[in-house]
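What follows is entry30.cif (mmCIF, C-alpha atoms and all ligand atoms).
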data_model
#
loop_
_atom_site.label_atom_id
_atom_site.label_comp_id
_atom_site.auth_asym_id
_atom_site.auth_seq_id
_atom_site.Cartn_x
_atom_site.Cartn_y
_atom_site.Cartn_z
CA MET T 58 -32.44 55.62 -40.38
CA GLU T 59 -35.88 56.34 -41.76
CA ARG T 60 -36.92 59.95 -41.73
CA GLN T 61 -40.17 61.26 -43.06
CA SER T 62 -39.76 64.10 -45.46
CA GLU T 63 -43.35 65.27 -45.60
CA LYS T 64 -42.78 68.23 -43.33
CA LYS T 65 -40.11 69.76 -45.47
CA PRO T 66 -39.86 69.83 -49.25
CA HIS T 67 -36.79 68.21 -50.70
CA PRO T 68 -34.19 70.44 -52.33
CA GLU T 69 -35.07 71.73 -55.76
CA ASP T 70 -32.38 69.53 -57.23
CA VAL T 71 -29.90 67.02 -55.91
CA ALA T 72 -26.13 67.02 -56.29
CA GLN T 73 -23.96 63.99 -56.78
CA VAL T 74 -20.62 64.31 -55.00
CA CYS T 75 -17.82 61.78 -54.61
CA ARG T 76 -16.75 60.71 -51.14
CA ASN T 77 -13.67 62.91 -51.49
CA GLY T 78 -15.80 65.97 -52.14
CA HIS T 79 -15.47 66.33 -55.92
CA LEU T 80 -18.64 67.59 -57.49
CA VAL T 81 -19.78 64.99 -60.04
CA LEU T 82 -23.17 66.42 -60.99
CA SER T 83 -24.94 69.46 -59.61
CA SER T 84 -28.42 68.70 -61.00
CA LEU T 85 -29.09 65.01 -60.69
CA GLN T 86 -32.83 65.35 -61.24
CA ARG T 87 -32.56 67.40 -64.38
CA PHE T 88 -29.64 65.48 -65.88
CA PRO T 89 -29.97 61.90 -64.59
CA GLN T 90 -28.24 60.65 -67.72
CA PHE T 91 -24.96 62.11 -66.40
CA ARG T 92 -25.18 60.17 -63.14
CA LYS T 93 -21.95 58.35 -62.26
CA SER T 94 -21.26 55.65 -59.71
CA PHE T 95 -17.62 56.62 -59.37
CA CYS T 96 -15.71 59.88 -59.50
CA GLU T 97 -13.71 60.47 -62.67
CA ASP T 98 -11.11 62.47 -60.74
CA CYS T 99 -10.29 60.05 -57.95
CA GLY T 100 -12.25 56.83 -58.45
CA ALA T 101 -14.19 57.16 -55.20
CA HIS T 102 -17.84 56.17 -54.84
CA THR T 103 -20.34 58.96 -55.38
CA ILE T 104 -23.17 59.83 -52.98
CA ASP T 105 -26.23 62.03 -53.40
CA GLN T 106 -27.55 61.97 -49.85
CA CYS T 107 -26.40 62.19 -46.27
CA GLN T 108 -25.04 58.84 -45.15
CA ALA T 109 -26.47 59.33 -41.67
CA CYS T 110 -30.04 60.47 -42.34
CA GLY T 111 -30.61 60.05 -46.08
CA TRP T 112 -31.44 63.70 -46.75
CA PRO T 113 -30.48 64.62 -50.32
CA ILE T 114 -27.48 66.85 -50.92
CA ALA T 115 -28.94 70.07 -52.31
CA GLY T 116 -27.85 70.66 -55.86
CA LEU T 117 -28.44 73.47 -58.28
CA GLY T 118 -32.07 73.95 -59.26
CA PRO T 119 -33.16 75.78 -62.42
CA ASN T 120 -33.04 79.10 -60.56
CA SER T 121 -29.81 78.54 -58.67
CA TRP T 122 -27.60 79.88 -61.42
CA MET T 123 -28.63 83.41 -60.56
CA GLY T 124 -27.03 82.99 -57.15
CA GLY T 125 -23.65 83.06 -58.82
CA GLY T 126 -20.45 81.35 -57.78
CA PRO T 127 -19.42 77.76 -58.40
CA PHE T 128 -21.19 74.97 -56.53
CA LYS T 129 -19.37 73.93 -53.40
CA PRO T 130 -20.42 70.69 -51.69
CA PRO T 131 -21.61 71.39 -48.14
CA ASN T 132 -19.39 70.39 -45.21
CA TYR T 133 -22.24 69.19 -43.00
CA CYS T 134 -25.71 67.79 -43.60
CA GLY T 135 -28.27 70.56 -43.28
CA GLU T 136 -30.78 68.11 -41.87
CA CYS T 137 -28.92 66.17 -39.16
CA GLY T 138 -25.62 68.03 -38.89
CA SER T 139 -23.42 65.02 -39.66
CA PRO T 140 -20.15 65.77 -41.44
CA PHE T 141 -20.03 64.52 -45.02
CA PRO T 142 -17.31 61.96 -45.85
CA TRP T 143 -15.07 64.58 -47.49
CA THR T 144 -15.21 66.72 -44.35
CA GLU T 145 -14.27 63.75 -42.18
CA THR T 146 -11.47 62.76 -44.55
CA ALA T 147 -10.02 66.28 -44.67
CA LEU T 148 -10.17 66.66 -40.89
CA ALA T 149 -8.59 63.25 -40.34
CA ALA T 150 -5.83 63.95 -42.88
CA ALA T 151 -5.09 67.34 -41.34
CA LYS T 152 -4.82 65.75 -37.91
CA GLN T 153 -2.52 63.02 -39.19
CA TYR T 154 -0.32 65.57 -40.87
CA THR T 155 -0.18 67.61 -37.67
CA ASP T 156 0.93 64.52 -35.75
CA ASP T 157 3.86 64.18 -38.16
CA LEU T 158 5.11 67.73 -37.59
CA GLU T 159 8.38 67.67 -35.66
CA GLN T 160 8.28 71.41 -35.05
CA LEU T 161 5.47 71.11 -32.52
CA SER T 162 5.25 69.69 -29.00
CA PRO T 163 2.46 67.21 -28.25
CA GLU T 164 0.50 69.97 -26.51
CA GLU T 165 0.89 72.27 -29.47
CA LYS T 166 -0.25 69.52 -31.82
CA ASP T 167 -3.41 69.05 -29.78
CA ALA T 168 -4.03 72.80 -29.76
CA LEU T 169 -3.59 73.03 -33.52
CA LYS T 170 -5.81 69.99 -34.14
CA SER T 171 -8.55 71.46 -31.99
CA THR T 172 -8.84 74.42 -34.37
CA PHE T 173 -9.76 72.36 -37.44
CA ALA T 174 -13.42 71.58 -36.74
CA ASP T 175 -14.13 75.24 -35.92
CA LEU T 176 -12.65 76.25 -39.27
CA THR T 177 -15.13 74.07 -41.17
CA SER T 178 -18.28 75.58 -39.67
CA ASP T 179 -19.13 79.22 -39.06
CA THR T 180 -19.48 79.64 -35.32
CA ALA T 181 -18.45 82.20 -32.75
CA ARG T 182 -15.27 80.15 -32.35
CA THR T 183 -14.22 80.39 -35.99
CA PRO T 184 -12.27 83.69 -35.69
CA LEU T 185 -10.50 82.36 -32.59
CA ALA T 186 -9.64 79.10 -34.34
CA ALA T 187 -8.40 81.04 -37.38
CA SER T 188 -6.11 83.22 -35.32
CA ARG T 189 -4.66 80.18 -33.50
CA PHE T 190 -4.26 78.35 -36.78
CA LYS T 191 -2.37 81.33 -38.18
CA LYS T 192 -0.06 81.44 -35.19
CA PHE T 193 0.81 77.80 -35.70
CA THR T 194 1.42 78.20 -39.41
CA ASN T 195 4.05 80.81 -38.54
CA LYS T 196 5.65 78.33 -36.21
CA ILE T 197 5.73 75.34 -38.56
CA GLY T 198 7.02 77.37 -41.49
CA PRO T 199 5.74 78.07 -45.00
CA ALA T 200 6.38 74.62 -46.50
CA ALA T 201 4.49 72.64 -43.87
CA SER T 202 1.72 75.19 -43.53
CA SER T 203 1.04 75.27 -47.24
CA ILE T 204 0.57 71.48 -47.19
CA LEU T 205 -1.69 71.73 -44.17
CA GLN T 206 -3.72 74.50 -45.79
CA LYS T 207 -4.09 72.45 -48.93
CA ILE T 208 -5.43 69.50 -46.94
CA ILE T 209 -8.21 71.44 -45.26
CA GLU T 210 -8.75 74.25 -47.74
CA THR T 211 -11.68 72.54 -49.44
CA VAL T 212 -13.67 72.29 -46.22
CA LEU T 213 -12.83 75.70 -44.77
CA THR T 214 -15.69 78.16 -44.58
CA GLU T 215 -15.38 81.44 -46.48
CA ALA T 216 -15.14 83.30 -43.17
CA ALA T 217 -12.35 81.02 -41.98
CA LYS T 218 -10.45 81.46 -45.25
CA LYS T 219 -10.71 85.22 -44.96
CA SER T 220 -9.51 85.22 -41.36
CA ILE T 221 -6.54 83.02 -42.21
CA GLY T 222 -5.76 85.08 -45.27
CA LEU T 223 -6.31 82.45 -47.94
ZN ZN T 301 -13.42 62.36 -56.50
ZN ZN T 302 -28.02 64.01 -42.44
#

What is this structure when it is put down as structure tokens?
Ligand SMILES: [Zn+2]
Ligand SMILES: [Zn+2]
Amino acid sequence: MERQSEKKPHPEDVAQVCRNGHLVLSSLQRFPQFRKSFCEDCGAHTIDQCQACGWPIAGLGPNSWMGGGPFKPPNYCGECGSPFPWTETALAAAKQYTDDLEQLSPEEKDALKSTFADLTSDTARTPLAASRFKKFTNKIGPAASSILQKIIETVLTEAAKKSIGL
């Protein structure tokens, strides 16, 4: 898809992230010599733009360091709203894992799976999703819930993490 970028300036710098969501390089424009085609942690291809619309993934510009906190790859494209590959992978893995849980009925599995997307974006539904998620983690027990939390932890919003108690 071709999208004209004249209306809006591109991000100050561009980040390179692997398809599994590992940050490879947070300032591609300032340090192009550190560009990598594959992730050193997992071997996946790296991307530096939205696969749906081509908008660059915002990295850390020269002034971003003052914002504090480590760089976290975004869950969704800020331009077209498409989930990034790591968000899709985490959601799909969490759903697969839920399907394998013997402690839950099919209806309960569907209810638990329906909370995941709301936990990856801050909406009015996030607190509701977090409280349902928590209820289910009590039901499936600490071992299974810690695996499930690990699967989606990287794409949870800060608000969702707080509500769940992570
Ligand atoms: Zn990786
Ligand atoms: Zn996009």

Sort by chain and increasing residue number a table of all residues of chain T within 12 Å of ligand ZN 302 (chain T), each with its closest pair of atoms and their distance in Å to one decimal, counting only C-alpha atoms and all ligand atoms, and write it as a tab-separated table.
residue	atom	partner	partner_atom	distance
T:Met58	CA	T:ZN302	ZN	9.7
T:Glu59	CA	T:ZN302	ZN	11.0
T:Arg60	CA	T:ZN302	ZN	9.8
T:Asp105	CA	T:ZN302	ZN	11.3
T:Gln106	CA	T:ZN302	ZN	7.7
T:Cys107	CA	T:ZN302	ZN	4.5
T:Gln108	CA	T:ZN302	ZN	6.6
T:Ala109	CA	T:ZN302	ZN	5.0
T:Cys110	CA	T:ZN302	ZN	4.1
T:Gly111	CA	T:ZN302	ZN	6.0
T:Trp112	CA	T:ZN302	ZN	5.5
T:Pro113	CA	T:ZN302	ZN	8.3
T:Ile114	CA	T:ZN302	ZN	9.0
T:Ala115	CA	T:ZN302	ZN	11.6
T:Pro131	CA	T:ZN302	ZN	11.3
T:Asn132	CA	T:ZN302	ZN	11.1
T:Tyr133	CA	T:ZN302	ZN	7.8
T:Cys134	CA	T:ZN302	ZN	4.6
T:Gly135	CA	T:ZN302	ZN	6.6
T:Glu136	CA	T:ZN302	ZN	5.0
T:Cys137	CA	T:ZN302	ZN	4.0
T:Gly138	CA	T:ZN302	ZN	5.9
T:Ser139	CA	T:ZN302	ZN	5.5
T:Pro140	CA	T:ZN302	ZN	8.1
T:Phe141	CA	T:ZN302	ZN	8.4
T:Pro142	CA	T:ZN302	ZN	11.4

Practice task
Using only C-alpha atoms and all ligand atoms, find each protein or nucleic acid residue lying at most 7 Å from ligand ZN 301 (chain T); present the set as JSON, numbers by chain.
Solution key: {"T": [75, 76, 77, 78, 79, 96, 97, 98, 99, 100, 101]}

Handout entry: For atom CA of Asp70 of chain T and atom CA of Leu85 of chain T, the interatomic separation in Å (one decimal)
Key =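 Atom CA of Leu85 of chain T lies 6.6 Å from atom CA of Asp70 of chain T.
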
Handout entry: Å distance separating atom CA of Thr214 of chain T from atom CA of Ala151 of chain T, one decimal place
Key = 15.5 Å

Practice task
Could you jot down the atom CA of Pro127 of chain T to atom CA of Leu185 of chain T separation for me, Å, one decimal place?
Solution key: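 So the answer is 27.7 Å.
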